[in-house]
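Chemist: If it helps, the file is called protein_12.txt and holds compact mmCIF, C-alpha atoms:
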# COMPACT_ATOMS: atom_id res chain seq x y z
CA MET V 1 17.77 -14.99 -4.69
CA THR V 2 20.62 -17.47 -5.03
CA ALA V 3 20.83 -21.21 -5.29
CA ASP V 4 22.85 -21.70 -2.10
CA ARG V 5 19.88 -21.26 0.27
CA GLN V 6 21.18 -18.03 1.77
CA ARG V 7 18.80 -16.01 3.92
CA PRO V 8 18.66 -12.23 4.34
CA GLU V 9 20.77 -10.90 7.15
CA ALA V 10 19.14 -9.49 10.26
CA GLY V 11 17.89 -6.00 9.60
CA ALA V 12 17.71 -6.47 5.84
CA SER V 13 14.70 -4.97 4.16
CA PRO V 14 12.14 -7.77 3.83
CA GLY V 15 10.99 -6.25 0.56
CA SER V 16 14.45 -6.39 -0.96
CA CYS V 17 14.41 -9.98 -2.21
CA CYS V 18 10.73 -10.19 -3.12
CA SER V 19 9.80 -6.86 -4.65
CA PRO V 20 11.58 -3.61 -5.50
CA GLN V 21 10.75 -0.28 -3.91
CA ARG V 22 10.16 3.03 -5.60
CA SER V 23 12.98 5.50 -5.11
CA PRO V 24 12.62 7.63 -1.97
CA GLY V 25 10.73 10.82 -2.70
CA ALA V 26 9.17 9.51 -5.91
CA THR V 27 5.66 10.05 -4.62
CA THR V 28 4.48 13.62 -4.56
CA ASP V 29 2.85 15.16 -1.50
CA ARG V 30 -0.30 15.51 -3.55
CA LEU V 31 -0.51 11.76 -4.12
CA ARG V 32 0.21 10.98 -0.49
CA MET V 33 -2.51 13.35 0.70
CA SER V 34 -5.15 12.18 -1.75
CA LEU V 35 -4.57 8.42 -1.56
CA GLU V 36 -3.52 7.59 1.99
CA PRO V 37 -6.40 7.74 4.48
CA THR V 38 -5.81 6.33 7.94
CA VAL V 39 -6.56 2.59 8.16
CA PRO V 40 -7.74 0.46 9.77
CA GLY V 41 -10.58 2.44 11.25
CA PRO V 42 -13.97 3.79 10.27
CA VAL V 43 -14.60 3.01 6.62
CA ARG V 44 -16.35 5.38 4.27
CA THR V 45 -19.25 3.58 2.63
CA GLY V 46 -18.60 3.84 -1.06
CA PRO V 47 -20.94 3.56 -4.00
CA GLY V 48 -19.01 0.64 -5.44
CA ARG V 49 -20.17 -2.91 -6.00
CA HIS V 50 -17.67 -5.30 -4.48
CA ALA V 51 -18.45 -8.58 -6.21
CA VAL V 52 -15.84 -10.87 -4.61
CA SER V 53 -17.32 -13.84 -2.73
CA GLN V 54 -17.16 -13.46 1.03
CA VAL V 55 -16.24 -15.76 3.92
CA ALA V 56 -17.67 -14.81 7.33
CA LEU V 57 -15.30 -15.62 10.18
CA ALA V 58 -16.36 -15.63 13.81
CA GLY V 59 -12.91 -14.60 14.97
CA GLY V 60 -11.06 -16.22 17.82
CA GLU V 61 -7.69 -16.87 19.38
CA PHE V 62 -4.62 -18.29 17.67
CA LEU V 63 -0.84 -18.43 17.95
CA MET V 64 0.66 -15.89 15.57
CA GLY V 65 4.19 -16.22 14.23
CA ASP V 66 6.71 -18.83 13.14
CA ALA V 67 6.75 -21.79 15.52
CA ARG V 68 8.84 -24.01 13.20
CA GLY V 69 12.04 -22.05 12.65
CA ASP V 70 11.33 -21.44 8.98
CA GLY V 71 11.44 -17.65 9.14
CA ASN V 72 13.87 -15.31 7.48
CA ARG V 73 16.14 -13.42 9.83
CA GLY V 74 15.10 -9.82 10.07
CA ASP V 75 11.48 -10.37 9.04
CA GLY V 76 10.17 -10.40 12.61
CA GLU V 77 8.15 -13.63 12.63
CA GLU V 78 8.96 -14.16 16.32
CA PRO V 79 8.18 -14.39 19.13
CA VAL V 80 5.14 -16.60 18.66
CA HIS V 81 2.37 -14.91 20.61
CA ARG V 82 -1.28 -15.47 21.38
CA VAL V 83 -3.68 -13.15 19.53
CA ARG V 84 -7.46 -12.78 19.49
CA VAL V 85 -9.29 -11.19 16.56
CA GLY V 86 -12.93 -10.20 16.41
CA PRO V 87 -15.44 -11.34 13.79
CA PHE V 88 -14.99 -10.12 10.22
CA THR V 89 -15.75 -11.02 6.63
CA ILE V 90 -12.92 -11.56 4.15
CA ASP V 91 -12.74 -12.02 0.41
CA ALA V 92 -12.52 -15.67 -0.58
CA THR V 93 -10.04 -14.67 -3.30
CA PRO V 94 -7.80 -11.75 -4.10
CA VAL V 95 -9.41 -8.92 -6.05
CA THR V 96 -9.28 -9.85 -9.74
CA ASN V 97 -8.58 -7.85 -12.86
CA THR V 98 -12.30 -7.89 -13.64
CA ASP V 99 -13.14 -6.61 -10.14
CA PHE V 100 -10.58 -3.82 -10.36
CA ALA V 101 -11.73 -2.86 -13.86
CA GLY V 102 -15.22 -2.27 -12.45
CA PHE V 103 -13.78 0.13 -9.89
CA VAL V 104 -11.77 2.01 -12.51
CA GLU V 105 -14.72 2.21 -14.90
CA ALA V 106 -16.96 3.60 -12.15
CA THR V 107 -14.51 6.15 -10.80
CA GLY V 108 -11.94 6.97 -13.50
CA TYR V 109 -9.23 6.14 -10.97
CA ARG V 110 -5.61 6.09 -12.14
CA THR V 111 -3.21 3.84 -10.29
CA GLU V 112 0.14 5.06 -9.09
CA ALA V 113 1.90 2.95 -11.73
CA GLU V 114 -0.09 4.85 -14.36
CA ALA V 115 0.66 8.20 -12.71
CA PHE V 116 4.38 7.49 -12.45
CA GLY V 117 4.47 5.95 -15.92
CA PHE V 118 6.32 2.78 -14.96
CA SER V 119 6.26 -0.27 -12.70
CA ALA V 120 8.37 -3.33 -11.83
CA VAL V 121 8.14 -6.43 -14.04
CA PHE V 122 9.92 -9.76 -13.58
CA HIS V 123 12.49 -10.14 -16.35
CA LEU V 124 10.97 -13.29 -17.91
CA ALA V 125 7.53 -11.64 -18.09
CA VAL V 126 8.51 -8.39 -19.85
CA ALA V 127 6.49 -7.52 -22.95
CA ALA V 128 8.03 -4.23 -24.03
CA ARG V 129 10.40 -2.70 -26.54
CA ASP V 130 13.98 -2.26 -25.46
CA GLU V 131 13.56 1.50 -25.15
CA ASP V 132 10.78 1.00 -22.59
CA VAL V 133 12.98 -1.04 -20.25
CA LEU V 134 14.42 1.70 -18.06
CA GLY V 135 16.75 -0.29 -15.85
CA ARG V 136 17.15 -3.02 -13.26
CA ALA V 137 16.30 -2.81 -9.58
CA ALA V 138 19.37 -2.39 -7.38
CA GLY V 139 20.24 -5.70 -5.70
CA THR V 140 17.46 -7.60 -7.49
CA PRO V 141 18.40 -7.59 -11.19
CA TRP V 142 15.52 -9.92 -12.09
CA TRP V 143 13.20 -6.93 -11.56
CA LEU V 144 13.08 -4.49 -14.49
CA THR V 145 11.62 -1.00 -14.44
CA VAL V 146 9.29 -0.97 -17.44
CA ARG V 147 7.69 2.14 -18.87
CA GLY V 148 3.98 1.59 -19.49
CA ALA V 149 3.62 -1.42 -17.19
CA ASP V 150 0.47 -1.18 -15.08
CA TRP V 151 -2.55 -3.22 -14.04
CA ARG V 152 -3.95 -3.26 -17.59
CA ARG V 153 -0.57 -4.17 -19.12
CA PRO V 154 1.15 -6.38 -16.53
CA GLY V 155 4.13 -7.24 -18.73
CA GLY V 156 4.54 -3.80 -20.24
CA PRO V 157 3.14 -1.88 -23.23
CA LEU V 158 3.02 -4.97 -25.48
CA SER V 159 0.89 -6.97 -23.03
CA ALA V 160 -2.83 -6.98 -22.23
CA LEU V 161 -5.39 -8.62 -19.95
CA ASP V 162 -6.83 -10.96 -22.58
CA GLY V 163 -7.83 -14.15 -20.77
CA LEU V 164 -6.70 -12.79 -17.41
CA GLY V 165 -9.98 -11.49 -16.01
CA ASP V 166 -10.03 -14.09 -13.23
CA HIS V 167 -6.38 -13.54 -12.31
CA PRO V 168 -5.44 -11.31 -9.37
CA VAL V 169 -4.90 -7.67 -10.22
CA VAL V 170 -1.23 -6.66 -9.92
CA HIS V 171 0.76 -3.43 -10.23
CA VAL V 172 -1.44 -1.93 -7.52
CA SER V 173 0.22 -0.06 -4.69
CA TRP V 174 -0.98 -0.04 -1.09
CA ASN V 175 -2.44 3.38 -1.82
CA ASP V 176 -4.33 1.99 -4.82
CA ALA V 177 -5.71 -0.87 -2.73
CA VAL V 178 -6.92 1.58 -0.07
CA ALA V 179 -8.62 3.68 -2.75
CA TYR V 180 -10.47 0.58 -3.98
CA CYS V 181 -11.51 -0.25 -0.43
CA ALA V 182 -12.88 3.26 0.14
CA TRP V 183 -14.98 2.93 -3.01
CA ALA V 184 -16.20 -0.54 -2.08
CA GLY V 185 -16.94 0.25 1.58
CA ARG V 186 -14.28 -2.24 2.66
CA ARG V 187 -10.77 -2.08 4.13
CA LEU V 188 -7.53 -4.01 3.99
CA PRO V 189 -7.09 -6.80 6.55
CA THR V 190 -4.86 -6.27 9.52
CA GLU V 191 -1.84 -8.52 9.56
CA ALA V 192 -3.37 -10.53 12.41
CA GLU V 193 -6.68 -10.97 10.58
CA TRP V 194 -4.82 -12.08 7.47
CA GLU V 195 -2.81 -14.74 9.32
CA TYR V 196 -5.84 -15.96 11.26
CA ALA V 197 -7.77 -16.37 8.00
CA SER V 198 -4.88 -18.02 6.16
CA ARG V 199 -4.32 -20.59 8.89
CA GLY V 200 -7.94 -21.71 8.87
CA LEU V 201 -8.57 -24.53 11.30
CA LEU V 202 -4.97 -25.80 11.18
CA SER V 203 -3.33 -24.29 14.24
CA GLY V 204 0.43 -23.91 13.88
CA ALA V 205 0.58 -25.35 10.34
CA ARG V 206 3.24 -24.15 7.95
CA TYR V 207 0.85 -23.72 5.01
CA PRO V 208 -2.92 -23.19 4.72
CA TRP V 209 -3.33 -26.89 3.87
CA GLY V 210 -0.84 -28.40 6.33
CA ASP V 211 2.91 -28.87 6.64
CA ASP V 212 3.89 -30.50 3.34
CA LEU V 213 4.49 -28.42 0.25
CA LEU V 214 3.34 -31.17 -2.14
CA ASP V 215 0.17 -33.24 -1.84
CA PRO V 216 0.34 -37.06 -1.38
CA ALA V 217 0.40 -37.49 -5.16
CA GLY V 218 3.40 -35.18 -5.47
CA GLN V 219 1.41 -32.28 -6.94
CA TRP V 220 1.99 -28.63 -6.14
CA GLN V 221 -0.61 -27.00 -3.92
CA THR V 222 0.21 -23.38 -4.69
CA ASN V 223 1.72 -21.19 -7.39
CA ILE V 224 5.40 -20.63 -6.62
CA TRP V 225 8.68 -21.04 -8.52
CA GLN V 226 10.03 -24.41 -9.59
CA GLY V 227 13.44 -24.75 -11.19
CA GLN V 228 16.48 -22.51 -10.79
CA PHE V 229 15.58 -18.99 -9.75
CA PRO V 230 15.63 -16.52 -11.46
CA HIS V 231 16.49 -17.91 -14.89
CA ARG V 232 14.61 -21.18 -15.31
CA ASN V 233 11.06 -21.93 -14.24
CA ASP V 234 10.14 -25.55 -14.91
CA LEU V 235 6.42 -24.64 -14.68
CA ASP V 236 5.60 -27.77 -12.70
CA ASP V 237 2.61 -25.94 -11.20
CA GLY V 238 1.52 -24.73 -14.64
CA TYR V 239 2.23 -21.00 -14.30
CA LEU V 240 5.10 -18.62 -15.00
CA THR V 241 3.32 -15.65 -13.45
CA THR V 242 -0.19 -15.35 -11.97
CA ALA V 243 -2.77 -18.13 -11.83
CA PRO V 244 -6.57 -17.76 -11.76
CA VAL V 245 -7.65 -16.92 -8.21
CA ARG V 246 -9.54 -20.21 -7.78
CA SER V 247 -6.68 -22.45 -8.83
CA PHE V 248 -5.51 -25.28 -6.53
CA ALA V 249 -7.76 -25.67 -3.44
CA ALA V 250 -9.31 -23.46 -0.77
CA ASN V 251 -8.25 -23.74 2.86
CA SER V 252 -10.50 -24.99 5.66
CA PHE V 253 -12.13 -21.55 5.95
CA GLY V 254 -12.84 -21.44 2.21
CA LEU V 255 -10.11 -18.96 1.25
CA TRP V 256 -8.20 -19.46 -1.98
CA GLN V 257 -4.49 -18.82 -2.53
CA THR V 258 -3.50 -16.97 0.59
CA VAL V 259 0.05 -18.18 -0.07
CA GLY V 260 1.73 -18.14 -3.45
CA ASN V 261 0.37 -16.47 -6.58
CA VAL V 262 0.57 -12.82 -5.40
CA TRP V 263 1.65 -10.93 -2.32
CA GLU V 264 -1.28 -9.30 -0.52
CA TRP V 265 -1.20 -5.84 1.03
CA CYS V 266 -2.27 -5.55 4.67
CA ALA V 267 -3.33 -2.42 6.55
CA ASP V 268 -0.47 -2.35 9.07
CA TRP V 269 2.71 -0.37 9.11
CA TYR V 270 5.63 -2.82 9.28
CA ALA V 271 8.16 -3.13 12.10
CA ALA V 272 10.47 -6.10 12.52
CA ASP V 273 10.12 -6.00 16.32
CA TYR V 274 6.37 -5.46 16.48
CA TYR V 275 5.59 -8.95 17.81
CA SER V 276 7.59 -8.18 20.96
CA TYR V 277 5.11 -5.50 22.02
CA SER V 278 1.90 -6.03 20.03
CA PRO V 279 -1.34 -6.18 22.04
CA PRO V 280 -3.14 -9.53 22.38
CA LEU V 281 -6.52 -8.22 21.19
CA ASP V 282 -6.96 -7.15 17.55
CA PRO V 283 -3.41 -5.84 16.98
CA ARG V 284 -3.30 -3.20 14.26
CA GLY V 285 0.42 -2.70 13.76
CA PRO V 286 2.74 0.12 14.81
CA GLU V 287 1.39 3.66 14.87
CA HIS V 288 4.00 4.86 12.38
CA GLY V 289 6.36 3.44 9.80
CA SER V 290 7.81 3.78 6.33
CA THR V 291 6.59 0.52 4.78
CA ARG V 292 3.35 -1.47 4.83
CA VAL V 293 3.00 -5.19 5.47
CA LEU V 294 2.73 -7.70 2.62
CA ARG V 295 1.71 -11.30 3.26
CA GLY V 296 1.59 -14.64 1.47
CA GLY V 297 4.47 -14.80 -1.00
CA SER V 298 4.05 -14.97 -4.77
CA TYR V 299 4.72 -16.93 -7.94
CA LEU V 300 8.37 -15.86 -7.62
CA CYS V 301 9.03 -17.45 -4.23
CA HIS V 302 11.57 -20.30 -4.13
CA ASP V 303 13.16 -21.93 -1.12
CA SER V 304 16.66 -21.12 -2.38
CA TYR V 305 16.09 -17.64 -0.97
CA CYS V 306 12.54 -16.41 -0.47
CA ASN V 307 10.66 -19.09 1.44
CA ARG V 308 7.91 -16.65 2.36
CA TYR V 309 5.03 -18.72 0.94
CA ARG V 310 3.98 -19.62 4.51
CA ASN V 311 1.21 -18.59 6.90
CA SER V 312 3.59 -16.75 9.24
CA ALA V 313 5.90 -15.15 6.67
CA ARG V 314 6.14 -11.36 6.49
CA SER V 315 7.41 -8.83 4.00
CA SER V 316 6.85 -5.13 3.38
CA ASN V 317 7.19 -2.34 0.86
CA THR V 318 6.59 1.37 0.60
CA PRO V 319 2.92 2.37 0.15
CA ASP V 320 3.55 3.79 -3.32
CA SER V 321 5.44 0.77 -4.70
CA SER V 322 3.87 -1.41 -7.37
CA MET V 323 5.07 -4.60 -9.01
CA GLY V 324 3.86 -7.53 -11.07
CA ASN V 325 3.49 -9.92 -8.11
CA ALA V 326 1.43 -7.99 -5.56
CA GLY V 327 -2.32 -7.56 -5.18
CA PHE V 328 -4.82 -7.53 -2.30
CA ARG V 329 -8.03 -8.84 -0.79
CA THR V 330 -10.43 -6.90 1.41
CA VAL V 331 -12.32 -7.33 4.67
CA GLY V 332 -15.33 -5.89 6.46
CA GLN V 333 -16.57 -5.99 10.02
CA GLU V 334 -19.34 -8.40 10.95
Can I see the file as structure tokens?
Modeler:
Amino acid sequence: MTADRQRPEAGASPGSCCSPQRSPGATTDRLRMSLEPTVPGPVRTGPGRHAVSQVALAGGEFLMGDARGDGNRGDGEEPVHRVRVGPFTIDATPVTNTDFAGFVEATGYRTEAEAFGFSAVFHLAVAARDEDVLGRAAGTPWWLTVRGADWRRPGGPLSALDGLGDHPVVHVSWNDAVAYCAWAGRRLPTEAEWEYASRGLLSGARYPWGDDLLDPAGQWQTNIWQGQFPHRNDLDDGYLTTAPVRSFAANSFGLWQTVGNVWEWCADWYAADYYSYSPPLDPRGPEHGSTRVLRGGSYLCHDSYCNRYRNSARSSNTPDSSMGNAGFRTVGQE
């Protein structure tokens, strides 16, 4: 991310500016087989208690994609196309640290960050000894590989979740999110369901609340970066990293923080050209791929490079990748 408002070139990895990827081959076959069921599809009813408040949506038709020319080249936000989704319920907020702790306590589950022994932490949020900082992500030096960083210790071994129970869980991979869903009897939203829910009743709007980033009083309406990325955050919105999931205001459907705060994993495989051939009824993404869709942007987004804190914005990462700015919310069929 640079201060000269450059955008990624066509074909660039959409995950490259927003979140680092694990090295190819880092995940063992055992992990892939045990953690990656086919989704979306029939959901195993789990014994878990999913306590996140729900919003029931009747479904309907909407225009999916970037109609305002704000998109990053290579992300595949065009063409704008008409999509219909069926009824579903969706979490009003992302899954929180408290929610995820209940899952772990009930199952003994270990996240992939814990299994690998490291995860990606933004450089201003690191809480670790020098010897636990293993290196910088190639091309995105603001991301550090930190030994001992995981959902319980989001900044590294010297951090904890004290006071963060109502913040979104982070350092969860797509595989981890799917494991939670299987336990809870839920699933991840499709990319189309996510965008439909984020837009609410505001057809074609740039953000969940409308087209202006600031409210009429000049206040921020989401948790993103202010200042000069990546070295100075002026904290005008009050947060360096995550905010409580019910900060700011809900959209017209009653969903909180679909843009900003943390990226949210979706069920779909990612393809930059998918909109050119996706079906009009309940699209579920390509049949195959190497990365999964992420939606919504995060506290690190800044318009000098990553303006992906919009309803139509897309990104992706490998299913085993974890980082300090990505979480998830779940859905169920009505």
Chemist: Just checking: using only C-alpha atoms, which residue out of V:Gln54, V:Thr241, V:Thr96, V:Ser198 ends up closest to Ala125 in chain V?
Modeler: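 Closest candidate: V:Thr241.
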Chemist: Have a look at V:Cys301, V:Ala115, V:Ala138, V:Ala272 and name the one nearest to Phe229 in chain V; count all atoms listed in the file.
Modeler: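 The shortest atom-to-atom distance to Phe229 in chain V comes from V:Cys301.
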Chemist: Given all atoms listed in the file as the basis, pick out the residue of V:Phe118, V:Trp183, V:Trp220, V:Phe88 nearest to Glu105 in chain V.
Modeler: V:Trp183
Chemist: Pick from V:Pro157, V:Gly135, V:Gly71, V:Pro79: nearest to Glu114 in chain V, with all atoms listed in the file counted?
Modeler: V:Pro157
Chemist: Just the number, please: distance in Å from CA of Thr98 in chain V to CA of Val172 in chain V, one decimal.
Modeler: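 Spanning CA of Thr98 in chain V to CA of Val172 in chain V is a straight-line distance of 13.8 Å.
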Chemist: Could you list, as a PyMOL selection string, every residue within 10 Å of Ser119 in chain V, counting all atoms listed in the file and ignoring same-chain residues fewer than 4 positions away?
Modeler: chain V and resi 20-22+112-114+134+143-151+154-156+171-172+321-324
Chemist: Rounded to one decimal in Å, what is the spacing between CA of Val85 in chain V and CA of Glu61 in chain V?
Modeler: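 We find that CA of Val85 in chain V and CA of Glu61 in chain V lie 6.5 Å from each other.
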Chemist: Pick out the residues sitting within 12 Å of range 266-269 of chain V, and hand them over as number ranges by chain; count only C-alpha atoms, and ignore anything fewer than 6 positions along from it in its own chain.
Modeler: V: 36-41, 173-175, 177-178, 181, 186-195, 278, 282-296, 314-319, 326-331
Chemist: Would you write out those residues with C-alpha atoms, as a PDB file, in the coordinates of the input?
Modeler:
ATOM      1  CA  GLU V  36      -3.520   7.590   1.990  1.00  0.00           C
ATOM      2  CA  PRO V  37      -6.400   7.740   4.480  1.00  0.00           C
ATOM      3  CA  THR V  38      -5.810   6.330   7.940  1.00  0.00           C
ATOM      4  CA  VAL V  39      -6.560   2.590   8.160  1.00  0.00           C
ATOM      5  CA  PRO V  40      -7.740   0.460   9.770  1.00  0.00           C
ATOM      6  CA  GLY V  41     -10.580   2.440  11.250  1.00  0.00           C
ATOM      7  CA  SER V 173       0.220  -0.060  -4.690  1.00  0.00           C
ATOM      8  CA  TRP V 174      -0.980  -0.040  -1.090  1.00  0.00           C
ATOM      9  CA  ASN V 175      -2.440   3.380  -1.820  1.00  0.00           C
ATOM     10  CA  ALA V 177      -5.710  -0.870  -2.730  1.00  0.00           C
ATOM     11  CA  VAL V 178      -6.920   1.580  -0.070  1.00  0.00           C
ATOM     12  CA  CYS V 181     -11.510  -0.250  -0.430  1.00  0.00           C
ATOM     13  CA  ARG V 186     -14.280  -2.240   2.660  1.00  0.00           C
ATOM     14  CA  ARG V 187     -10.770  -2.080   4.130  1.00  0.00           C
ATOM     15  CA  LEU V 188      -7.530  -4.010   3.990  1.00  0.00           C
ATOM     16  CA  PRO V 189      -7.090  -6.800   6.550  1.00  0.00           C
ATOM     17  CA  THR V 190      -4.860  -6.270   9.520  1.00  0.00           C
ATOM     18  CA  GLU V 191      -1.840  -8.520   9.560  1.00  0.00           C
ATOM     19  CA  ALA V 192      -3.370 -10.530  12.410  1.00  0.00           C
ATOM     20  CA  GLU V 193      -6.680 -10.970  10.580  1.00  0.00           C
ATOM     21  CA  TRP V 194      -4.820 -12.080   7.470  1.00  0.00           C
ATOM     22  CA  GLU V 195      -2.810 -14.740   9.320  1.00  0.00           C
ATOM     23  CA  SER V 278       1.900  -6.030  20.030  1.00  0.00           C
ATOM     24  CA  ASP V 282      -6.960  -7.150  17.550  1.00  0.00           C
ATOM     25  CA  PRO V 283      -3.410  -5.840  16.980  1.00  0.00           C
ATOM     26  CA  ARG V 284      -3.300  -3.200  14.260  1.00  0.00           C
ATOM     27  CA  GLY V 285       0.420  -2.700  13.760  1.00  0.00           C
ATOM     28  CA  PRO V 286       2.740   0.120  14.810  1.00  0.00           C
ATOM     29  CA  GLU V 287       1.390   3.660  14.870  1.00  0.00           C
ATOM     30  CA  HIS V 288       4.000   4.860  12.380  1.00  0.00           C
ATOM     31  CA  GLY V 289       6.360   3.440   9.800  1.00  0.00           C
ATOM     32  CA  SER V 290       7.810   3.780   6.330  1.00  0.00           C
ATOM     33  CA  THR V 291       6.590   0.520   4.780  1.00  0.00           C
ATOM     34  CA  ARG V 292       3.350  -1.470   4.830  1.00  0.00           C
ATOM     35  CA  VAL V 293       3.000  -5.190   5.470  1.00  0.00           C
ATOM     36  CA  LEU V 294       2.730  -7.700   2.620  1.00  0.00           C
ATOM     37  CA  ARG V 295       1.710 -11.300   3.260  1.00  0.00           C
ATOM     38  CA  GLY V 296       1.590 -14.640   1.470  1.00  0.00           C
ATOM     39  CA  ARG V 314       6.140 -11.360   6.490  1.00  0.00           C
ATOM     40  CA  SER V 315       7.410  -8.830   4.000  1.00  0.00           C
ATOM     41  CA  SER V 316       6.850  -5.130   3.380  1.00  0.00           C
ATOM     42  CA  ASN V 317       7.190  -2.340   0.860  1.00  0.00           C
ATOM     43  CA  THR V 318       6.590   1.370   0.600  1.00  0.00           C
ATOM     44  CA  PRO V 319       2.920   2.370   0.150  1.00  0.00           C
ATOM     45  CA  ALA V 326       1.430  -7.990  -5.560  1.00  0.00           C
ATOM     46  CA  GLY V 327      -2.320  -7.560  -5.180  1.00  0.00           C
ATOM     47  CA  PHE V 328      -4.820  -7.530  -2.300  1.00  0.00           C
ATOM     48  CA  ARG V 329      -8.030  -8.840  -0.790  1.00  0.00           C
ATOM     49  CA  THR V 330     -10.430  -6.900   1.410  1.00  0.00           C
ATOM     50  CA  VAL V 331     -12.320  -7.330   4.670  1.00  0.00           C
TER      51      VAL V 331
END
Chemist: Go through V:Gln226, V:Ser203, V:Gln221, V:Ser53 one by one, measure the shortest atom-to-atom distance of each to Ser304 in chain V using all atoms listed in the file, and give the residue with the smallest value.
Modeler: V:Gln226
Chemist: Mind pulling up the distance from CA of Arg152 in chain V to CA of Thr107 in chain V?
Modeler: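 Distance between the two atoms: 15.7 Å.
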Chemist: Nearest residue to Ala101 in chain V out of V:Ala120, V:Gly139, V:Gly60, V:Val169, using all atoms listed in the file?
Modeler: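 Ranked by minimum distance to Ala101 in chain V, first place goes to V:Val169.
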Chemist: Applying 12 Å and only C-alpha atoms, which residues near Phe103 in chain V remain after dropping the ones on its own chain fewer than 4 positions away? List them as JSON, numbers by chain.
Modeler: {"V": [46, 47, 48, 49, 50, 51, 95, 96, 97, 98, 99, 107, 108, 109, 110, 111, 169, 176, 177, 179, 180, 181, 182, 183, 184, 185]}
Chemist: Store the residues of this selection in a file with C-alpha atoms, as a PDB file, in the frame of the given file.
Modeler:
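And here's again.pdb as it stands now:
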ATOM      1  CA  GLY V  46     -18.600   3.840  -1.060  1.00  0.00           C
ATOM      2  CA  PRO V  47     -20.940   3.560  -4.000  1.00  0.00           C
ATOM      3  CA  GLY V  48     -19.010   0.640  -5.440  1.00  0.00           C
ATOM      4  CA  ARG V  49     -20.170  -2.910  -6.000  1.00  0.00           C
ATOM      5  CA  HIS V  50     -17.670  -5.300  -4.480  1.00  0.00           C
ATOM      6  CA  ALA V  51     -18.450  -8.580  -6.210  1.00  0.00           C
ATOM      7  CA  VAL V  95      -9.410  -8.920  -6.050  1.00  0.00           C
ATOM      8  CA  THR V  96      -9.280  -9.850  -9.740  1.00  0.00           C
ATOM      9  CA  ASN V  97      -8.580  -7.850 -12.860  1.00  0.00           C
ATOM     10  CA  THR V  98     -12.300  -7.890 -13.640  1.00  0.00           C
ATOM     11  CA  ASP V  99     -13.140  -6.610 -10.140  1.00  0.00           C
ATOM     12  CA  THR V 107     -14.510   6.150 -10.800  1.00  0.00           C
ATOM     13  CA  GLY V 108     -11.940   6.970 -13.500  1.00  0.00           C
ATOM     14  CA  TYR V 109      -9.230   6.140 -10.970  1.00  0.00           C
ATOM     15  CA  ARG V 110      -5.610   6.090 -12.140  1.00  0.00           C
ATOM     16  CA  THR V 111      -3.210   3.840 -10.290  1.00  0.00           C
ATOM     17  CA  VAL V 169      -4.900  -7.670 -10.220  1.00  0.00           C
ATOM     18  CA  ASP V 176      -4.330   1.990  -4.820  1.00  0.00           C
ATOM     19  CA  ALA V 177      -5.710  -0.870  -2.730  1.00  0.00           C
ATOM     20  CA  ALA V 179      -8.620   3.680  -2.750  1.00  0.00           C
ATOM     21  CA  TYR V 180     -10.470   0.580  -3.980  1.00  0.00           C
ATOM     22  CA  CYS V 181     -11.510  -0.250  -0.430  1.00  0.00           C
ATOM     23  CA  ALA V 182     -12.880   3.260   0.140  1.00  0.00           C
ATOM     24  CA  TRP V 183     -14.980   2.930  -3.010  1.00  0.00           C
ATOM     25  CA  ALA V 184     -16.200  -0.540  -2.080  1.00  0.00           C
ATOM     26  CA  GLY V 185     -16.940   0.250   1.580  1.00  0.00           C
TER      27      GLY V 185
END
Chemist: Give me, as JSON lines, the closest atom pair and its distance (Å, one decimal) for every residue of range 82-140 of chain V within a cut-off of 9 Å of range 243-260 of chain V, counting only C-alpha atoms, rows sorted by chain and rising number.
Modeler:
{"residue": "V:Ile90", "atom": "CA", "partner": "V:Leu255", "partner_atom": "CA", "distance": 8.4}
{"residue": "V:Asp91", "atom": "CA", "partner": "V:Leu255", "partner_atom": "CA", "distance": 7.5}
{"residue": "V:Ala92", "atom": "CA", "partner": "V:Leu255", "partner_atom": "CA", "distance": 4.5}
{"residue": "V:Thr93", "atom": "CA", "partner": "V:Trp256", "partner_atom": "CA", "distance": 5.3}
{"residue": "V:Pro94", "atom": "CA", "partner": "V:Val245", "partner_atom": "CA", "distance": 6.6}
{"residue": "V:Val95", "atom": "CA", "partner": "V:Val245", "partner_atom": "CA", "distance": 8.5}
{"residue": "V:Thr96", "atom": "CA", "partner": "V:Val245", "partner_atom": "CA", "distance": 7.4}
